[in-house]
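Asks: What follows is query18.cif, mmCIF, C-alpha atoms.
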data_final
#
loop_
_atom_site.label_atom_id
_atom_site.label_comp_id
_atom_site.auth_asym_id
_atom_site.auth_seq_id
_atom_site.Cartn_x
_atom_site.Cartn_y
_atom_site.Cartn_z
CA ALA A 10 -14.12 -56.10 -37.46
CA HIS A 11 -14.98 -53.35 -39.88
CA CYS A 12 -16.52 -51.23 -37.09
CA SER A 13 -13.50 -51.65 -34.80
CA HIS A 14 -11.22 -50.73 -37.70
CA ASN A 15 -13.16 -47.48 -38.25
CA SER A 16 -13.08 -46.58 -34.54
CA TYR A 17 -9.32 -47.21 -34.54
CA ASP A 18 -8.88 -44.94 -37.55
CA LEU A 19 -10.85 -42.17 -35.85
CA ARG A 20 -8.76 -42.26 -32.68
CA ILE A 21 -5.40 -41.85 -34.38
CA PRO A 22 -6.10 -38.45 -35.95
CA ALA A 23 -7.54 -37.22 -32.66
CA LEU A 24 -4.31 -38.08 -30.82
CA ILE A 25 -2.22 -36.57 -33.56
CA ILE A 26 -4.25 -33.36 -33.59
CA THR A 27 -4.04 -33.09 -29.79
CA GLY A 28 -0.29 -33.55 -29.89
CA ILE A 29 0.08 -30.95 -32.61
CA MET A 30 -2.00 -28.43 -30.64
CA ALA A 31 0.01 -28.99 -27.47
CA SER A 32 3.24 -28.72 -29.41
CA SER A 33 2.11 -25.50 -31.09
CA GLU A 34 1.12 -24.02 -27.72
CA ASN A 35 4.54 -24.82 -26.26
CA THR A 36 6.35 -23.30 -29.20
CA THR A 37 4.32 -20.07 -29.08
CA MET A 38 4.99 -19.51 -25.35
CA ILE A 39 8.23 -17.56 -25.66
CA LYS A 40 9.92 -16.79 -22.36
CA ARG A 41 11.14 -13.20 -22.31
CA THR A 42 13.86 -12.08 -19.92
CA TRP A 43 14.49 -8.55 -18.72
CA GLN A 44 17.34 -6.70 -17.11
CA LEU A 45 16.48 -4.52 -14.11
CA LEU A 46 18.16 -2.49 -11.38
CA ALA A 47 16.88 -3.62 -7.98
CA PRO A 48 15.51 -0.62 -6.03
CA ALA A 49 15.38 -2.67 -2.81
CA ASN A 50 16.39 -6.03 -1.34
CA TYR A 51 14.22 -8.79 -2.80
CA PRO A 52 14.03 -12.51 -1.95
CA GLY A 53 14.03 -15.10 -4.68
CA GLY A 54 10.67 -15.59 -6.36
CA ARG A 55 9.44 -12.07 -5.59
CA ARG A 56 7.27 -10.43 -8.25
CA ILE A 57 8.43 -6.97 -9.40
CA GLU A 58 6.39 -4.53 -11.45
CA ALA A 59 8.48 -3.17 -14.33
CA LEU A 60 8.07 -0.76 -17.23
CA THR A 61 9.28 -1.61 -20.74
CA PRO A 62 10.82 0.98 -23.11
CA GLU A 63 7.50 0.94 -25.02
CA GLY A 64 5.64 2.00 -21.87
CA ASN A 65 4.01 -1.36 -21.13
CA THR A 66 3.74 -2.64 -17.57
CA ILE A 67 5.03 -6.17 -16.98
CA PHE A 68 5.93 -8.38 -14.03
CA VAL A 69 9.37 -9.94 -13.60
CA LYS A 70 10.27 -12.76 -11.23
CA VAL A 71 13.36 -12.30 -9.06
CA PRO A 72 15.80 -15.21 -9.49
CA GLU A 73 17.00 -17.32 -6.59
CA PRO A 74 18.45 -16.72 -4.04
CA GLY A 75 17.42 -13.07 -4.33
CA VAL A 76 18.99 -9.72 -5.19
CA ALA A 77 20.41 -6.85 -3.18
CA ARG A 78 19.50 -3.21 -3.55
CA GLY A 79 21.37 -1.41 -6.32
CA THR A 80 22.41 -4.56 -8.17
CA THR A 81 21.52 -5.34 -11.78
CA PHE A 82 19.87 -8.70 -12.40
CA VAL A 83 18.07 -10.59 -15.14
CA GLY A 84 14.60 -11.96 -14.46
CA GLU A 85 11.98 -13.88 -16.35
CA GLU A 86 8.68 -12.26 -17.29
CA ILE A 87 5.63 -13.81 -15.64
CA PRO A 88 1.91 -13.31 -16.32
CA LYS A 89 0.24 -10.35 -14.65
CA PRO A 90 -2.06 -11.35 -11.76
CA GLN A 91 -5.74 -10.97 -12.37
CA PRO A 92 -7.18 -8.24 -10.11
CA VAL A 93 -9.69 -9.31 -7.49
CA THR A 94 -12.88 -7.37 -8.17
CA GLU A 95 -16.37 -7.06 -6.67
CA ARG A 96 -15.19 -8.42 -3.31
CA TRP A 97 -12.34 -8.11 -0.84
CA HIS A 98 -9.59 -10.69 -1.16
CA ASP A 99 -9.89 -11.66 2.53
CA ALA A 100 -11.40 -10.52 5.82
CA ILE A 101 -10.20 -7.38 7.54
CA CYS A 102 -8.62 -9.27 10.46
CA ASN A 103 -6.54 -11.72 8.35
CA CYS A 104 -3.33 -9.90 9.23
CA GLY A 105 0.20 -11.24 9.52
CA SER A 106 1.44 -11.68 5.93
CA GLU A 107 2.30 -8.04 5.22
CA GLY A 108 5.95 -8.10 6.33
CA THR A 109 7.50 -4.68 6.87
CA PHE A 110 4.26 -2.95 5.95
CA CYS A 111 2.63 -4.45 9.05
CA CYS A 112 5.36 -2.93 11.25
CA LEU A 113 4.92 0.40 9.48
CA VAL A 114 1.17 0.41 10.17
CA PHE A 115 1.62 -0.06 13.90
CA LEU A 116 4.62 2.27 14.26
CA TRP A 117 3.55 5.06 11.88
CA PRO A 118 0.00 4.58 10.52
CA ALA A 119 -0.01 7.87 8.62
CA ALA A 120 3.03 6.74 6.60
CA ALA A 121 1.32 3.45 5.74
CA TRP A 122 -1.78 5.25 4.52
CA ALA A 123 0.45 7.67 2.59
CA SER A 124 2.03 4.70 0.78
CA ILE A 125 -1.40 3.46 -0.32
CA MET A 126 -2.41 6.96 -1.40
CA ASP A 127 0.83 7.32 -3.34
CA LYS A 128 0.22 4.05 -5.17
CA ILE A 129 -3.25 5.00 -6.43
CA GLY A 130 -2.39 8.68 -6.97
CA PHE A 131 -4.79 9.91 -4.27
CA SER A 132 -3.97 13.43 -3.07
CA PHE A 133 -4.25 15.07 0.34
CA LEU A 134 -7.13 17.15 -1.08
CA GLY A 135 -9.37 14.07 -1.25
CA HIS A 136 -9.36 13.17 -4.96
CA ILE A 137 -7.22 11.40 -7.55
CA ASN A 138 -4.36 13.65 -8.64
CA PRO A 139 -1.05 11.89 -9.43
CA SER A 140 0.74 15.23 -9.81
CA LEU A 141 0.37 15.81 -6.05
CA ARG A 142 1.95 12.50 -5.04
CA GLN A 143 5.06 14.02 -3.48
CA ALA A 144 3.20 16.82 -1.69
CA THR A 145 0.67 14.34 -0.34
CA PHE A 146 3.35 12.03 1.02
CA VAL A 147 5.19 14.92 2.72
CA ILE A 148 2.01 16.29 4.32
CA MET A 149 0.69 12.92 5.50
CA VAL A 150 4.01 11.89 7.03
CA GLY A 151 5.11 15.34 8.21
CA ALA A 152 1.90 16.50 9.89
CA PRO A 153 2.16 14.06 12.85
CA ILE A 154 5.83 14.96 13.26
CA ILE A 155 4.97 18.66 13.46
CA LEU A 156 2.26 17.88 16.01
CA ILE A 157 4.69 15.88 18.16
CA ILE A 158 7.30 18.67 18.04
CA HIS A 159 4.62 21.21 18.92
CA GLN A 160 3.50 19.05 21.82
CA PHE A 161 7.02 18.80 23.24
CA GLN A 162 7.46 22.56 22.93
CA LYS A 163 4.23 23.22 24.80
CA MET A 164 5.16 20.69 27.48
CA HIS A 165 8.52 22.40 27.91
CA GLN A 166 6.80 25.76 28.34
CA VAL A 167 4.36 24.34 30.87
CA LEU A 168 7.11 22.70 32.91
CA ALA A 169 9.21 25.86 32.84
CA LEU A 170 6.32 28.02 34.03
CA GLN A 171 5.46 25.48 36.69
CA ALA A 172 9.04 25.40 37.98
CA LYS A 173 9.16 29.21 38.04
CA ALA A 174 5.90 29.42 39.96
CA ALA A 175 7.05 26.78 42.44
CA SER A 176 10.37 28.54 43.12
CA SER A 177 8.73 31.97 43.63
CA SER A 178 6.18 30.69 46.13
CA ALA A 179 7.80 27.74 47.83
CA ALA A 180 6.06 28.44 51.11
CA GLY A 181 2.66 29.09 49.56
CA PRO A 182 -0.16 26.66 48.88
CA SER A 183 0.53 23.94 46.37
CA LYS A 184 -0.53 24.63 42.80
CA PRO A 185 -1.98 22.10 40.37
CA GLN A 186 0.57 20.63 38.04
CA PHE A 187 -1.42 20.64 34.77
CA PRO A 188 -2.31 23.06 33.42
CA PRO A 189 -0.82 26.00 35.39
CA GLU A 190 -2.73 29.28 35.39
CA ALA A 191 0.20 31.10 33.71
CA ASP A 192 0.17 28.73 30.74
CA ASP A 193 -1.76 31.31 28.67
CA GLY A 194 -3.79 28.78 26.67
CA ALA A 195 -0.92 26.52 25.56
CA TRP A 196 -2.80 23.30 26.27
CA MET A 197 -5.96 24.66 24.65
CA ASP A 198 -4.07 25.36 21.42
CA LEU A 199 -2.48 21.93 21.43
CA THR A 200 -5.80 20.17 22.01
CA LEU A 201 -7.44 22.10 19.19
CA VAL A 202 -4.66 21.30 16.70
CA ALA A 203 -4.67 17.62 17.65
CA ALA A 204 -8.46 17.40 17.29
CA LEU A 205 -8.48 19.06 13.87
CA LEU A 206 -5.65 16.85 12.63
CA SER A 207 -7.35 13.71 13.91
CA TRP A 208 -10.60 14.56 12.11
CA TYR A 209 -8.68 15.33 8.94
CA PHE A 210 -6.99 11.93 9.05
CA ILE A 211 -10.31 10.14 9.59
CA ILE A 212 -11.85 11.92 6.60
CA ILE A 213 -8.90 11.47 4.23
CA PHE A 214 -8.44 7.80 5.20
CA THR A 215 -12.15 7.18 4.63
CA LEU A 216 -11.91 8.73 1.18
CA THR A 217 -8.80 6.63 0.45
CA ARG A 218 -10.59 3.38 1.31
CA ARG A 219 -13.51 4.52 -0.82
CA ALA A 220 -11.16 5.18 -3.77
CA VAL A 221 -9.58 1.72 -3.47
CA ARG A 222 -12.99 0.10 -3.17
CA LYS A 223 -14.21 1.83 -6.32
CA MET A 224 -11.00 0.95 -8.17
CA TYR A 225 -11.77 -2.76 -7.69
CA LYS A 226 -15.57 -2.35 -8.06
CA ILE A 227 -16.29 -3.52 -4.52
CA ARG A 228 -19.72 -2.73 -3.16
CA GLY A 229 -20.04 -0.51 -0.11
CA ASN A 230 -20.70 3.04 0.99
CA CYS A 231 -18.95 5.94 2.66
CA CYS A 232 -20.50 5.16 6.05
CA THR A 233 -18.98 1.68 6.23
CA ASP A 234 -15.66 3.05 5.01
CA CYS A 235 -15.66 5.59 7.84
CA LEU A 236 -16.69 2.93 10.36
CA TRP A 237 -13.81 0.63 9.43
CA VAL A 238 -11.30 3.49 9.47
CA TYR A 239 -12.47 4.76 12.85
CA CYS A 240 -12.87 1.39 14.59
CA CYS A 241 -9.98 -0.50 12.95
CA PRO A 242 -7.35 2.12 12.00
CA CYS A 243 -4.57 -0.49 11.72
CA CYS A 244 -6.39 -3.49 10.22
CA THR A 245 -8.01 -1.37 7.49
CA PRO A 246 -4.79 -0.32 5.69
CA LEU A 247 -3.48 -3.88 6.05
CA GLN A 248 -6.55 -5.22 4.25
CA LEU A 249 -6.08 -2.67 1.46
CA TYR A 250 -2.42 -3.65 1.20
CA ARG A 251 -3.19 -7.37 0.91
CA HIS A 252 -5.94 -6.82 -1.63
CA MET A 253 -3.80 -4.58 -3.83
CA ARG A 254 -0.83 -6.95 -3.60
CA ARG A 255 -3.01 -9.92 -4.60
CA SER A 256 -4.30 -7.89 -7.55
CA GLY A 257 -0.79 -7.07 -8.78
CA ASP A 258 -0.62 -3.54 -7.35
CA GLN A 259 2.29 -3.79 -4.92
CA VAL A 260 2.32 -1.00 -2.34
CA GLY A 261 5.62 0.41 -1.10
CA SER A 262 6.61 0.85 2.53
CA CYS A 263 8.34 4.23 2.66
CA GLY A 264 11.60 2.76 1.40
CA CYS A 265 11.22 -0.45 3.44
CA GLY A 266 9.68 -2.48 0.62
CA ALA A 267 8.84 -2.40 -3.07
CA PRO A 268 8.60 0.98 -4.79
CA ASN A 269 5.19 2.37 -5.69
CA ARG A 270 6.16 2.96 -9.32
CA PRO A 271 7.41 0.40 -11.86
CA VAL A 272 11.12 -0.16 -12.39
CA ASN A 273 12.55 0.44 -15.84
CA ALA A 274 13.40 -2.81 -17.63
CA THR A 275 15.43 -3.64 -20.73
CA GLU A 276 14.76 -6.84 -22.65
CA VAL A 277 17.61 -9.32 -22.89
CA VAL A 278 17.78 -10.80 -26.40
#
Would you write out, as structure tokens, the structure that this file holds?
Replies:
Amino acid sequence: AHCSHNSYDLRIPALIITGIMASSENTTMIKRTWQLLAPANYPGGRRIEALTPEGNTIFVKVPEPGVARGTTFVGEEIPKPQPVTERWHDAICNCGSEGTFCCLVFLWPAAAWASIMDKIGFSFLGHINPSLRQATFVIMVGAPIILIIHQFQKMHQVLALQAKAASSSAAGPSKPQFPPEADDGAWMDLTLVAALLSWYFIIIFTLTRRAVRKMYKIRGNCCTDCLWVYCCPCCTPLQLYRHMRRSGDQVGSCGCGAPNRPVNATEVV
């Protein structure tokens, strides 16, 4: 009886201490709420990266049922996700959960890569330089547009010269359609510009994947980075997007998704 009485006495303090510790943990977990201006349309439960007046980066949860762009809302602060390091979050072909970013990759891959480069501060010169963010985005997105415009101009010149040659010698022997002899090197110039731009994109995208890999301490080398970029030009940026999103670094989508820089937040007392 004496032994059972002692064991009973020892259990009561243990339960009391456990209850006190749990109670103290609950009381110290203070929920902080913040007021933000939504830079885009967000569904309920979405995690937004925000910047406090003290310069600290936090994450705020969007309340249900969601918020519209340009509206002010109050959200609850949530813990920052732990970055995934030393390995990729998933395989390179696990696509389908990227939303608008997936559409951007297939419609305008250079803009998708530019969004990733903008997020990590990677410049068009091939190194980290946040001061060149805007110039990098303009060059990466604008270079393909300039090439397309140049291509249409050259095609218009070729077709005009071909029509002129056909009208002047309608009864003569047929001439080849592309390229006409009077083109004066238009197609040669276009091919050279396209080749140089393609090689530049392969190099800069390889360096971008290398920069992301080093940021998360993932093993690899420049050869494998180049291989993935060259063989899987669409799946590679999608893998980078998923990994960065899982690690708390949300990548924007050229205005179609979350911004690449934190939103200013004011604490609600």
Asks: Take the PyMOL selection byres ((chain A and resi 71-74) around 6), run it mentally on this structure, and tell me the resulting residues as a PyMOL selection string.
Replies: chain A and resi 53-55+70+75+84
Asks: Which of these, A:Arg254, A:Gln160, A:Phe133, A:Leu249, has the shortest distance to Ile213 in chain A once you count only C-alpha atoms?
Replies: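 Under the stated criterion, the closest residue is A:Phe133.
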Asks: Written as a VMD selection string, what is the full residue list that the PyMOL selection byres ((chain A and resi 123) around 10) yields on the file shown?
Replies: chain A and resid 118 to 122 124 to 128 131 to 133 142 to 143 145 to 150 214 217 261 to 263
Asks: Leu60 in chain A: which residues within 8 Å, counting only C-alpha atoms, same-chain residues fewer than 6 positions away excluded, as a PyMOL selection string?
Replies: chain A and resi 66-67+271-274
Asks: Using all atoms listed in the file, can you tell me which of A:Ile101, A:Ile157, A:Ile129, A:Val76 comes closest to Arg270 in chain A?
Replies: A:Ile129
Asks: Which distance in Å separates CA of Glu276 in chain A and CA of Gly64 in chain A, to one decimal?
Replies: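 Taking CA of Glu276 in chain A and CA of Gly64 in chain A, their separation equals 12.7 Å.
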Asks: CA of Leu201 in chain A and CA of His159 in chain A are how many Å apart?
Replies: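 Separation of CA of Leu201 in chain A and CA of His159 in chain A: 12.1 Å.
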Asks: Starting from the shown file, work through the PyMOL selection byres ((chain A and resi 256) around 8) and note down what comes out as a list of chain:residue names.
Replies: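 Checked against the file, the PyMOL selection byres ((chain A and resi 256) around 8) matches A:Pro90, A:Gln91, A:Pro92, A:Val93, A:His252, A:Met253, A:Arg254, A:Arg255, A:Gly257, A:Asp258.
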Asks: Write out as a PyMOL selection string each polymer residue whose atoms come within 12 Å of Trp237 in chain A, counting only C-alpha atoms; drop sequence neighbours fewer than 3 positions from it.
Replies: chain A and resi 100-102+211-212+214-219+229-234+240-249
